[in-house]
Every structure is written in C-alpha cells, then in structure tokens.
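Read the structure below first, then the notes.
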Amino acid sequence: MLTHPTLDKLQALKFTGMLAALTDQMAMPDINDLSFEERLGLLVDREITERENRRLSNRLRRAKLKHNAALEDIDYQHPRGLDKGLIQALSACRWAQEHLNILITGPTGVGKTWLACALAQKACREGYTAQYIRLTRLLRELMVAKGDGRYPKLLANLAKVDVLILDDWGLMKLTAENRRDLLEIMEDRHDTRSTLATSQLPIEQWHDVIGDPTLADAILDRLVHSAYKINLRGDSMRKRQSKLTTTPQPE
C-alpha cells in the first residue's frame, strides 16, 4: 500500500485529524491486530474530535471573553451569596437553548464579570456563540458605526450572537440616542438569543439610569422579565487575593 500519497491526500483535504491518527497507527507495531473497520473508526473519531476542538477554539476566540473562566473553577468558599444549585442548573445551558437572559449584580470585585465569562465559556463548549463587550464601549461603537455606514451590519452581527455579555451596565446615564440603540439591540434579541448583563447597581435602579420612562419600560421588559437573577454580595475578592499574594516584609 502506498501510504505517503494517502497522507498527502489527507493533508490536501485538510483532514488533519485523520492524518495525525493514520500517522500514529503506522508507528504502532501491533496495529494490524485491529480490523479495517476498527482502524477506520479510530481515524474518523480523531477527525471529529479535532474538528470539534477547532470549532470551540474559534468560538472562544471570537467571543473575546475578558477572563479565561470556567464554571468548574468557581470559588464557593468566598461568602458572596452564590447559589451553587443555581449555577449547576445553569451549567446545562438550557437558558441559552430557551433564549433566557442572566442578570448578575453586586458590588465591585465580587466576580460578576468572571462569572459571566464562565457562563459564556460553558455555552461555547456546548456549541453556542458568544461575545463580550462593555456596554459603554458598545454604545460608542454604535455611534461611530452610524457615521461610517456600518450601523446596520453591526446590529445584524449582534443579533446573531447566541450569548451577548453586556458588562458594566448602568455606569453612565444614557442619552436619547443610547436608549434607541439599546432598544434596537434588545428587540432583535428578544426571545431569539440570550443576553447576559452585569451591573454594580440593583436591578431596581436600572429604570432610572436608562432615563426615558417609556423606553426604559420597553428595554427592561425585553431584558429583565425572562431572566435569571444573580445578586452577589460581600467583600471584594480582589482584596482577598491581594492578601494571599502579599509577602510579609521583614521588620
């Protein structure tokens, strides 16, 4: 059998998983103990695994998550009111499948953004697309996009993302233009995609931050009413980490 031409053809077809598996098989002295069907099955399994890994890597790269976080690494020892049962339920990603939102509130430093990224990372592992962006930056990008003609395309791209993280909700009062842009985003995603928002402000104060009562009602109706709510509390975890990493100075 001419193996080298076969390897070249697998490379040309970009079957890199099968190529690697076949190369490994050729180096195994007892590989002929396996039947043709068994060897072929191993080649196909390797190709499928490699393709799934590539797709996951691409989803995570496009998500641009702020933290390399995973739900398996959550610290439940730090007292911040995190419901382990709820997190375990959310880890199944039914919320993404059912197009539900997640709202995470609490003081600075309690891990809101980290938790949001961990939830989005798990969604990526389950085959969903995700994107992280701070709300203030997104609103600025939308304003610029109106000037250079990218506005419709930017809205369309946001509408396609399965899990959109809007970090630092409520850091600034919204202008009339901001409110209209935000309503467009929420309208496009309502009941079709999931939005994950984090904020230092309690949800009860979001209405005042948005400003206009009518638009605030419309925006929050699409965001809050079909959402899981996680309210974190306690001291900043950054302070705790600082204490753990500080080396005592000699007297």
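The way I read the labels, and the way they are meant: chains A, B, ... in the order of the structure tokens, residue 1 as the first residue of every chain, and ligand 1 as the first ligand shown, with later ones counted on from there.
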Segment 6-199 of chain A: residues DSSP assigns to strand (DSSP E or B), reported as JSON, numbers by chain: {"A": [101, 102, 103, 104, 105, 130, 131, 132, 133, 134, 163, 164, 165, 166, 167, 194, 195, 196, 197, 198, 199]}
Please build the interface table for segment 58-118 of chain A against segment 221-225 of chain A with a cut-off of 12 Å, listing for each qualifying residue the nearest atom pair and the distance in Å to one decimal; count only C-alpha atoms, order rows by chain and increasing number, and write it as CSV.
```
residue,atom,partner,partner_atom,distance
A:His99,CA,A:Leu223,CA,10.9
A:Leu100,CA,A:Leu223,CA,8.8
A:Asn101,CA,A:Leu223,CA,6.7
A:Ile102,CA,A:Val224,CA,8.4
A:Leu103,CA,A:Val224,CA,7.6
A:Ile104,CA,A:Val224,CA,11.1
```
Those selected residues, please, written with N, CA, C and O atoms and delivered as a JSON list (two decimals), in the first residue's frame.
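Written file, again04.json:
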```json
[["chain", "number", "residue", "atom", "x", "y", "z"],
["A", 99, "HIS", "N", -33.34, 30.76, 25.13],
["A", 99, "HIS", "CA", -33.20, 32.20, 24.89],
["A", 99, "HIS", "C", -33.58, 33.04, 26.10],
["A", 99, "HIS", "O", -34.25, 34.08, 25.98],
["A", 100, "LEU", "N", -33.13, 32.59, 27.28],
["A", 100, "LEU", "CA", -33.35, 33.35, 28.50],
["A", 100, "LEU", "C", -32.11, 34.17, 28.83],
["A", 100, "LEU", "O", -31.01, 33.86, 28.39],
["A", 101, "ASN", "N", -32.30, 35.22, 29.61],
["A", 101, "ASN", "CA", -31.21, 36.12, 29.97],
["A", 101, "ASN", "C", -30.70, 35.81, 31.38],
["A", 101, "ASN", "O", -31.37, 35.14, 32.17],
["A", 102, "ILE", "N", -29.51, 36.33, 31.69],
["A", 102, "ILE", "CA", -28.96, 36.23, 33.04],
["A", 102, "ILE", "C", -28.46, 37.60, 33.45],
["A", 102, "ILE", "O", -27.70, 38.24, 32.72],
["A", 103, "LEU", "N", -28.90, 38.06, 34.63],
["A", 103, "LEU", "CA", -28.51, 39.37, 35.15],
["A", 103, "LEU", "C", -27.73, 39.16, 36.44],
["A", 103, "LEU", "O", -28.22, 38.55, 37.38],
["A", 104, "ILE", "N", -26.50, 39.67, 36.46],
["A", 104, "ILE", "CA", -25.62, 39.49, 37.62],
["A", 104, "ILE", "C", -25.32, 40.85, 38.22],
["A", 104, "ILE", "O", -24.74, 41.72, 37.55]]
```
Near-segment 115-124 of chain A list (7 Å; only C-alpha atoms; drop same-chain fewer than 4 positions) as a VMD selection string: chain A and resid 56 59 to 60 65 to 67 69 to 71 91 93 111 128 to 130 163 196
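Using only C-alpha atoms, the residues found no farther than 10 Å from Glu184 of chain A, other than those of its own chain fewer than 4 positions away, are Leu155, Ala159, Asn178, Arg179, Arg180, Asp188, Arg189 and Ile219 of chain A.
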Secondary structure check, helix (DSSP H, G or I) residues of segment 17-190 of chain A, as a ChimeraX atom specification: /A:17-26,31-33,36-63,71-73,84-90,94-97,112-125,135-148,151-160,176-189
For Asp45 of chain A: contacts at 12 Å, only C-alpha atoms, fewer than 6 positions along chain excluded, given as a PyMOL selection string: chain A and resi 15-22+38-39+51-52
Restricting the output to N, CA, C and O atoms, write the selected residues as a PDB file, in the first residue's frame.
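Dumped to part.pdb:
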```pdb
ATOM      1  N   PHE A  15      -7.966  16.975   6.210  1.00  0.00           N
ATOM      2  CA  PHE A  15      -8.403  16.004   7.212  1.00  0.00           C
ATOM      3  C   PHE A  15      -7.248  15.802   8.185  1.00  0.00           C
ATOM      4  O   PHE A  15      -6.646  14.726   8.282  1.00  0.00           O
ATOM      5  N   THR A  16      -6.939  16.838   8.947  1.00  0.00           N
ATOM      6  CA  THR A  16      -5.753  16.803   9.798  1.00  0.00           C
ATOM      7  C   THR A  16      -5.880  15.809  10.938  1.00  0.00           C
ATOM      8  O   THR A  16      -4.879  15.243  11.386  1.00  0.00           O
ATOM      9  N   GLY A  17      -7.079  15.591  11.407  1.00  0.00           N
ATOM     10  CA  GLY A  17      -7.279  14.604  12.460  1.00  0.00           C
ATOM     11  C   GLY A  17      -7.001  13.198  11.961  1.00  0.00           C
ATOM     12  O   GLY A  17      -6.306  12.414  12.614  1.00  0.00           O
ATOM     13  N   MET A  18      -7.545  12.861  10.804  1.00  0.00           N
ATOM     14  CA  MET A  18      -7.298  11.551  10.224  1.00  0.00           C
ATOM     15  C   MET A  18      -5.824  11.386   9.855  1.00  0.00           C
ATOM     16  O   MET A  18      -5.254  10.298   9.998  1.00  0.00           O
ATOM     17  N   LEU A  19      -5.217  12.477   9.379  1.00  0.00           N
ATOM     18  CA  LEU A  19      -3.798  12.438   9.044  1.00  0.00           C
ATOM     19  C   LEU A  19      -2.956  12.102  10.269  1.00  0.00           C
ATOM     20  O   LEU A  19      -2.065  11.231  10.216  1.00  0.00           O
ATOM     21  N   ALA A  20      -3.223  12.774  11.375  1.00  0.00           N
ATOM     22  CA  ALA A  20      -2.462  12.517  12.600  1.00  0.00           C
ATOM     23  C   ALA A  20      -2.714  11.106  13.108  1.00  0.00           C
ATOM     24  O   ALA A  20      -1.783  10.412  13.560  1.00  0.00           O
ATOM     25  N   ALA A  21      -3.977  10.657  13.037  1.00  0.00           N
ATOM     26  CA  ALA A  21      -4.312   9.325  13.531  1.00  0.00           C
ATOM     27  C   ALA A  21      -3.667   8.243  12.679  1.00  0.00           C
ATOM     28  O   ALA A  21      -3.160   7.239  13.203  1.00  0.00           O
ATOM     29  N   LEU A  22      -3.668   8.428  11.358  1.00  0.00           N
ATOM     30  CA  LEU A  22      -3.050   7.439  10.482  1.00  0.00           C
ATOM     31  C   LEU A  22      -1.538   7.387  10.692  1.00  0.00           C
ATOM     32  O   LEU A  22      -0.934   6.300  10.701  1.00  0.00           O
ATOM     33  N   GLU A  38     -12.238  -1.247  12.545  1.00  0.00           N
ATOM     34  CA  GLU A  38     -11.781  -0.647  13.797  1.00  0.00           C
ATOM     35  C   GLU A  38     -10.791   0.478  13.545  1.00  0.00           C
ATOM     36  O   GLU A  38     -10.867   1.542  14.159  1.00  0.00           O
ATOM     37  N   ARG A  39      -9.862   0.241  12.616  1.00  0.00           N
ATOM     38  CA  ARG A  39      -8.891   1.287  12.295  1.00  0.00           C
ATOM     39  C   ARG A  39      -9.563   2.504  11.680  1.00  0.00           C
ATOM     40  O   ARG A  39      -9.242   3.653  12.006  1.00  0.00           O
ATOM     41  N   ARG A  51     -12.027  18.422  14.734  1.00  0.00           N
ATOM     42  CA  ARG A  51     -12.898  19.457  14.164  1.00  0.00           C
ATOM     43  C   ARG A  51     -13.712  20.151  15.258  1.00  0.00           C
ATOM     44  O   ARG A  51     -13.892  21.369  15.226  1.00  0.00           O
ATOM     45  N   GLU A  52     -14.203  19.365  16.208  1.00  0.00           N
ATOM     46  CA  GLU A  52     -14.945  19.964  17.318  1.00  0.00           C
ATOM     47  C   GLU A  52     -14.046  20.886  18.129  1.00  0.00           C
ATOM     48  O   GLU A  52     -14.474  21.969  18.548  1.00  0.00           O
TER      49      GLU A  52
END
```
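Using only C-alpha atoms, the residues found no farther than 8 Å from Pro107 of chain A, other than those of its own chain fewer than 4 positions away, are Gln200, Leu201, Leu232, Arg233, Gly234 and Ser236 of chain A.
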With N, CA and C atoms retained, export the selected residues as a compact mmCIF listing (two decimals), in the first residue's frame.
```txt
# COMPACT_ATOMS: atom_id res chain seq x y z
N GLN A 200 -23.15 46.97 38.82
CA GLN A 200 -22.98 47.28 40.24
C GLN A 200 -24.28 47.77 40.86
N LEU A 201 -25.22 48.16 40.02
CA LEU A 201 -26.48 48.71 40.50
C LEU A 201 -27.54 47.62 40.64
N LEU A 232 -24.92 39.07 43.81
CA LEU A 232 -23.75 38.77 44.63
C LEU A 232 -23.54 39.85 45.68
N ARG A 233 -22.91 39.50 46.76
CA ARG A 233 -22.67 40.47 47.83
C ARG A 233 -21.37 40.09 48.54
N GLY A 234 -20.99 40.92 49.48
CA GLY A 234 -19.78 40.63 50.24
C GLY A 234 -18.62 41.50 49.85
N SER A 236 -14.83 42.52 48.37
CA SER A 236 -14.15 42.31 47.10
C SER A 236 -13.22 41.11 47.18
```
A:His78, A:Lys173, A:Arg94, A:Arg55 ranked by distance to Ala216 of chain A, top pick (using only C-alpha atoms):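 Nearest to Ala216 of chain A: A:Lys173.
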Residues within 12 Å of Lys84 of chain A, only C-alpha atoms, excluding chain neighbours under 6 positions, as a list in words: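 In the requested format, the answer is Leu71, Glu72, Ile74, Asp75, Tyr76, Gln77, Leu90, Ser91 and Ile230 of chain A.
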Counting only C-alpha atoms, the option among A:Arg61, A:Arg137, A:Lys14, A:Arg125 closest to Leu166 of chain A: A:Arg137
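When atom CA of His207 of chain A is paired with atom CA of Thr108 of chain A, their separation reads 20.3 Å.
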Residue nearest Gly211 of chain A among A:Pro79, A:Met172, A:His190, A:Leu154 (counting only C-alpha atoms): A:Met172
Atom-to-atom span, atom CA of Gly109 of chain A and atom CA of Ala92 of chain A, Å: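 Going from atom CA of Gly109 of chain A over to atom CA of Ala92 of chain A, I get 26.1 Å.
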